[in-house]
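**Student:** Dropping a structure here in structure tokens format, bear with me for questions.
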Protein chains: 2
Amino acid sequence: MNCNVPTDICFSFSGFQARGGATDVHRDGWGIAFFEGKGARVFLDPQPSCDSPVAELVRRYPIRSLNTIAHIRKATQGATGLENTHPFMRELWGRYWIFAHNGNLTDYAPALDGSFLPVGQTDSERAFCHLLQRLRQRFPQTMPAADALLAALEEFAAETRRFGSFNFLLSNGERLFAHRATELHYLVRQAPFSVAHLKDEDLSIDFNEVTTPNDRVALIATQPLTDNECWHPLPTDRVSMFCDGTLVS
Amino acid sequence: MNCNVPTDICFSFSGFQARGGATDVHRDGWGIAFFEGKGARVFLDPQPSCDSPVAELVRRYPIRSLNTIAHIRKATQGATGLENTHPFMRELWGRYWIFAHNGNLTDYAPALDGSFLPVGQTDSERAFCHLLQRLRQRFPQTMPAADALLAALEEFAAETRRFGSFNFLLSNGERLFAHRATELHYLVRQAPFSVAHLKDEDLSIDFNEVTTPNDRVALIATQPLTDNECWHPLPTDRVSMFCDGTLVS
């Protein structure tokens with residue numbers, strides 16, 4: 001979720017939580033990261049989200065954030081365990097970066113120089129470490145402008161998707177980057193707001209009651225989270241960049 | 001807390017939570033990190049722990065860990081905000097490192113080469129980044145043996161405490177390192193177990209009922225958390241190393 005004003009994810013998280021073991025097969029842990037300013041809070045649980053006390057907290061405690069990334073895991077590589085639970089976090093250029101991957105990279109062993117090393121055994125964390133290493137090599141001192149960053153991400157994604165399915169979400173708290181390999185949809189909620197109804201649970205919310213006219217929220221998800229709003233597929237094999245609740249590139 | 005079997009911190013956390021704004025003045029946020037294997041979960045909240053819904057979760061949800069570090073903050077440098085909330089986490093040598101500081105370093109501007117940069121404005125995160133940079137310079141490829149690591153920490157602590165008060169806790173999930181500058185106490189709980197009573201709240205626990213005879217737990221805290229157990233001061237200006245619930249050096 002990428003927004004122009006700090007927004008809580010409680011409604012969307014209700015449907016998302018159900019997919020972690022109740023309405024869907026992603027039972028091998030879950031996690032969610034909220035940026036608040038430059039800070040980030042990451043809640044991880046190797047339990048299925050449908051049974052997790054931490055997920056209950058997240059569903060009930062409205063944490064307002066401009067950029068939120070959540071992930072439910074179906075293990076492909078690496079055991080079920082905390083160190084293999086997405087999203088992953090590292091610091092680069094004095095900012096936190098949050099990364100979540102949906103897919104599977106096979107025979108994937110990028111040359112890592114030690115600047116960022118995986119703690120767990122997933123292909124996903126390996127790809128994240130390789131990405132950050134590449135970004136620091138290219139831009140050693142400070143974060144580049146958004147367009148240069150996007151170009152570097154496009155190049156990295158093109159190289160990495162040769163190893164398999166590589167849908168990912170990445171954020172530094174300012175912008176949210178989404179790479180679609182196989183499946184990724186998005187929706188922008190803005191005025192005039194309407195009533196949204198979850199796909200995974202019989203729960204509705206009237207956004208007129210909880211928003212102001214200038215609020216704008218982009219939601220990005222593998223599969224649409226609601227069944228009465230207009231979700232769009234993101235372009236395949238491209239990195240899409242979201243800022244202030246809009247798809248900007 | 002450093003233990004020889006995964007142990008939850010629910011009892012001790014009850015007293016600790018009260019110090020964050022109720023029985024003590026540390027109102028400017030709090031955090032706790034639990035290692036589970038190589039993975040780590042960090043719960044942070046810029047609210048006082050005595051009012052925090054996240055603290056309520058931690059108090060009630062028994063997360064079992066060999067190494068747990070908790071911190072309640074009274075801001076000296078850096079605003080109250082998530083990015084300035086301890087403990088801090090970074091990755092080095094493919095392991096997570098967790099750091100919390102109690103004290104204040106003044107005119108402290110170590111030369112950082114960009115390998116680890118602070119996200120917030122605290123002297124504490126600056127010191128942590130400098131420490132990790134120093135460790136990677138000294139041991140570029142892999143984590144050294146515990147004694148070599150301890151010697152490097154002693155050297156770093158001696159250099160850094162010239163800038164002010166520098167009590168800190170550091171863990172990589174295997175061992176817990178504690179540097180006492182001004183105040184730091186510890187206690188080892190092992191068989192025969194007895195009834196412990198919190199200082200900050202009228203709450204007791206009979207550890208005979210919740211332990212097995214081989215369990216051993218070291219608790220390290222600025223001030224003793226219980227009023228009927230034998231807490232010892234740690235040696236001043238030294239880094240103490242705990243492993244498997246014992247002070248080993």
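Quick note on naming: the chains in the structure tokens go A, B, ... in the order shown, residues restart at 1 in each chain, and ligands are numbered from 1 in order of appearance.
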Quick one: which chain B residues come within 7 Å of chain A, and what is the nearest atom pair for each with the distance in Å to one decimal, counting only C-alpha atoms, rows ordered by chain and ascending number, as JSON lines?
**Tutor:**
```
{"residue": "B:Glu36", "atom": "CA", "partner": "A:Leu82", "partner_atom": "CA", "distance": 6.7}
{"residue": "B:Lys38", "atom": "CA", "partner": "A:Glu83", "partner_atom": "CA", "distance": 6.0}
{"residue": "B:Gly39", "atom": "CA", "partner": "A:Glu83", "partner_atom": "CA", "distance": 3.9}
{"residue": "B:Ala40", "atom": "CA", "partner": "A:Leu82", "partner_atom": "CA", "distance": 6.8}
{"residue": "B:Arg41", "atom": "CA", "partner": "A:Leu44", "partner_atom": "CA", "distance": 6.4}
{"residue": "B:Val42", "atom": "CA", "partner": "A:Val42", "partner_atom": "CA", "distance": 6.9}
{"residue": "B:Phe43", "atom": "CA", "partner": "A:Phe43", "partner_atom": "CA", "distance": 7.0}
{"residue": "B:Leu44", "atom": "CA", "partner": "A:Arg41", "partner_atom": "CA", "distance": 6.4}
{"residue": "B:Leu82", "atom": "CA", "partner": "A:Gly39", "partner_atom": "CA", "distance": 4.9}
{"residue": "B:Glu83", "atom": "CA", "partner": "A:Gly39", "partner_atom": "CA", "distance": 3.9}
{"residue": "B:Arg90", "atom": "CA", "partner": "A:Arg90", "partner_atom": "CA", "distance": 6.8}
{"residue": "B:Trp93", "atom": "CA", "partner": "A:Leu117", "partner_atom": "CA", "distance": 6.5}
{"residue": "B:Gly94", "atom": "CA", "partner": "A:Val119", "partner_atom": "CA", "distance": 4.6}
{"residue": "B:Arg95", "atom": "CA", "partner": "A:Val119", "partner_atom": "CA", "distance": 5.3}
{"residue": "B:Gly114", "atom": "CA", "partner": "A:Gln141", "partner_atom": "CA", "distance": 6.9}
{"residue": "B:Leu117", "atom": "CA", "partner": "A:Gly94", "partner_atom": "CA", "distance": 4.7}
{"residue": "B:Pro118", "atom": "CA", "partner": "A:Gly94", "partner_atom": "CA", "distance": 5.3}
{"residue": "B:Val119", "atom": "CA", "partner": "A:Gly94", "partner_atom": "CA", "distance": 4.6}
{"residue": "B:Gln141", "atom": "CA", "partner": "A:Gly114", "partner_atom": "CA", "distance": 6.9}
```
**Student:** Could you pull out the strand (DSSP E or B) residues of segment 1-191 of chain A, going by DSSP on the backbone, and write them as a ChimeraX atom specification?
**Tutor:** /A:2-7,20,25,30-36,39-45,65-72,88-92,95-105,164-171,176-180,185-190
**Student:** Go ahead and write the residues just picked, C-alpha atoms, as a PDB file, in the first residue's frame.
**Tutor:**
```pdb
ATOM      1  CA  ASN A   2       1.323   3.408  -1.001  1.00  0.00           C
ATOM      2  CA  CYS A   3      -0.538   6.563   0.114  1.00  0.00           C
ATOM      3  CA  ASN A   4      -0.409  10.343   0.074  1.00  0.00           C
ATOM      4  CA  VAL A   5      -1.443  10.582   3.744  1.00  0.00           C
ATOM      5  CA  PRO A   6      -0.635   8.087   6.512  1.00  0.00           C
ATOM      6  CA  THR A   7      -3.313   5.415   6.246  1.00  0.00           C
ATOM      7  CA  GLY A  20      -2.604 -17.070   5.087  1.00  0.00           C
ATOM      8  CA  VAL A  25      -2.530 -22.028   0.865  1.00  0.00           C
ATOM      9  CA  TRP A  30       3.649 -13.986   7.200  1.00  0.00           C
ATOM     10  CA  GLY A  31       4.955 -10.520   7.815  1.00  0.00           C
ATOM     11  CA  ILE A  32       4.152  -6.856   7.428  1.00  0.00           C
ATOM     12  CA  ALA A  33       6.333  -3.745   7.430  1.00  0.00           C
ATOM     13  CA  PHE A  34       5.102  -0.215   8.107  1.00  0.00           C
ATOM     14  CA  PHE A  35       7.169   2.843   7.388  1.00  0.00           C
ATOM     15  CA  GLU A  36       6.568   5.772   9.723  1.00  0.00           C
ATOM     16  CA  GLY A  39      11.554   4.469  10.676  1.00  0.00           C
ATOM     17  CA  ALA A  40      10.090   1.055   9.967  1.00  0.00           C
ATOM     18  CA  ARG A  41       8.282  -1.514  12.051  1.00  0.00           C
ATOM     19  CA  VAL A  42       8.348  -5.090  10.855  1.00  0.00           C
ATOM     20  CA  PHE A  43       6.016  -7.675  12.382  1.00  0.00           C
ATOM     21  CA  LEU A  44       6.946 -11.243  11.478  1.00  0.00           C
ATOM     22  CA  ASP A  45       5.421 -14.541  12.473  1.00  0.00           C
ATOM     23  CA  SER A  65       1.817   4.610   7.194  1.00  0.00           C
ATOM     24  CA  LEU A  66       2.600   5.987   3.729  1.00  0.00           C
ATOM     25  CA  ASN A  67       4.144   2.700   2.650  1.00  0.00           C
ATOM     26  CA  THR A  68       3.194  -0.739   3.923  1.00  0.00           C
ATOM     27  CA  ILE A  69       4.355  -4.092   2.560  1.00  0.00           C
ATOM     28  CA  ALA A  70       2.779  -7.374   3.673  1.00  0.00           C
ATOM     29  CA  HIS A  71       3.556 -10.928   2.615  1.00  0.00           C
ATOM     30  CA  ILE A  72       2.124 -14.384   3.248  1.00  0.00           C
ATOM     31  CA  PHE A  88      13.181  -8.591   4.680  1.00  0.00           C
ATOM     32  CA  MET A  89      14.809  -5.369   5.851  1.00  0.00           C
ATOM     33  CA  ARG A  90      18.248  -3.871   5.321  1.00  0.00           C
ATOM     34  CA  GLU A  91      19.715  -0.365   5.510  1.00  0.00           C
ATOM     35  CA  LEU A  92      21.311   1.368   2.537  1.00  0.00           C
ATOM     36  CA  ARG A  95      17.441   4.443   4.853  1.00  0.00           C
ATOM     37  CA  TYR A  96      15.645   1.217   5.535  1.00  0.00           C
ATOM     38  CA  TRP A  97      14.621  -0.882   2.534  1.00  0.00           C
ATOM     39  CA  ILE A  98      11.863  -3.459   2.741  1.00  0.00           C
ATOM     40  CA  PHE A  99      11.519  -6.292   0.244  1.00  0.00           C
ATOM     41  CA  ALA A 100       9.007  -9.099  -0.348  1.00  0.00           C
ATOM     42  CA  HIS A 101       9.074 -11.644  -3.172  1.00  0.00           C
ATOM     43  CA  ASN A 102       6.458 -13.912  -4.681  1.00  0.00           C
ATOM     44  CA  GLY A 103       7.936 -16.547  -6.953  1.00  0.00           C
ATOM     45  CA  ASN A 104      10.803 -18.973  -7.143  1.00  0.00           C
ATOM     46  CA  LEU A 105      14.342 -18.498  -8.486  1.00  0.00           C
ATOM     47  CA  GLY A 164      12.473 -17.901 -12.471  1.00  0.00           C
ATOM     48  CA  SER A 165       9.387 -16.127 -11.291  1.00  0.00           C
ATOM     49  CA  PHE A 166      10.277 -12.806  -9.688  1.00  0.00           C
ATOM     50  CA  ASN A 167       7.315 -10.718  -8.583  1.00  0.00           C
ATOM     51  CA  PHE A 168       8.533  -8.318  -5.910  1.00  0.00           C
ATOM     52  CA  LEU A 169       7.632  -5.287  -3.829  1.00  0.00           C
ATOM     53  CA  LEU A 170      10.293  -2.885  -2.577  1.00  0.00           C
ATOM     54  CA  SER A 171      10.043   0.350  -0.610  1.00  0.00           C
ATOM     55  CA  LEU A 176       6.995   1.742  -3.581  1.00  0.00           C
ATOM     56  CA  PHE A 177       8.364  -0.294  -6.474  1.00  0.00           C
ATOM     57  CA  ALA A 178       6.484  -3.318  -7.830  1.00  0.00           C
ATOM     58  CA  HIS A 179       7.845  -5.788 -10.351  1.00  0.00           C
ATOM     59  CA  ARG A 180       5.329  -8.034 -12.026  1.00  0.00           C
ATOM     60  CA  HIS A 185      -2.720  -6.114  -9.691  1.00  0.00           C
ATOM     61  CA  TYR A 186      -3.292  -2.588  -8.463  1.00  0.00           C
ATOM     62  CA  LEU A 187      -6.091  -0.248  -7.550  1.00  0.00           C
ATOM     63  CA  VAL A 188      -6.138   3.468  -6.737  1.00  0.00           C
ATOM     64  CA  ARG A 189      -8.742   4.585  -4.205  1.00  0.00           C
ATOM     65  CA  GLN A 190      -9.532   8.282  -4.323  1.00  0.00           C
TER      66      GLN A 190
END
```
**Student:** Can you tell me which residues surround Asp206 of chain A at a distance of at most 10 Å, considering only C-alpha atoms, apart from same-chain residues fewer than 6 positions away, and format the answer as a ChimeraX atom specification?
**Tutor:** /A:193-197
**Student:** Generate a file of the selected residues that holds N, CA and C atoms, formatted as a PDB file, in the first residue's frame.
**Tutor:**
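Ended up saving to part08.pdb:
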```
ATOM      1  N   PHE A 193     -15.209   8.415  -3.123  1.00  0.00           N
ATOM      2  CA  PHE A 193     -15.026   7.093  -2.521  1.00  0.00           C
ATOM      3  C   PHE A 193     -16.340   6.306  -2.518  1.00  0.00           C
ATOM      4  N   SER A 194     -16.225   5.010  -2.406  1.00  0.00           N
ATOM      5  CA  SER A 194     -17.423   4.178  -2.374  1.00  0.00           C
ATOM      6  C   SER A 194     -17.271   3.098  -1.307  1.00  0.00           C
ATOM      7  N   VAL A 195     -18.182   2.135  -1.351  1.00  0.00           N
ATOM      8  CA  VAL A 195     -18.142   1.014  -0.413  1.00  0.00           C
ATOM      9  C   VAL A 195     -17.333  -0.111  -1.043  1.00  0.00           C
ATOM     10  N   ALA A 196     -16.352  -0.613  -0.326  1.00  0.00           N
ATOM     11  CA  ALA A 196     -15.554  -1.734  -0.824  1.00  0.00           C
ATOM     12  C   ALA A 196     -15.919  -2.985  -0.040  1.00  0.00           C
ATOM     13  N   HIS A 197     -15.899  -4.106  -0.724  1.00  0.00           N
ATOM     14  CA  HIS A 197     -16.265  -5.394  -0.100  1.00  0.00           C
ATOM     15  C   HIS A 197     -15.145  -6.401  -0.341  1.00  0.00           C
TER      16      HIS A 197
END
```
**Student:** Tell me which protein, DNA and RNA residues are within 9 Å of Pro224 of chain B, counting only C-alpha atoms, leaving out same-chain ones fewer than 3 positions away, and put them as a list in words.
**Tutor:**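 Close residues of Pro224 of chain B: Leu184, His185, Tyr186, Leu187, Lys199, Ile220, Ala221, Asp227, Glu229, Cys230, Trp231 and His232 of chain B.
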**Student:** Could you tell me which of A:Met143, A:Leu153, A:Met1, A:Asp237 comes closest to Arg64 of chain A if we count only C-alpha atoms?
**Tutor:**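 Selected residue with least distance to Arg64 of chain A: A:Met1.
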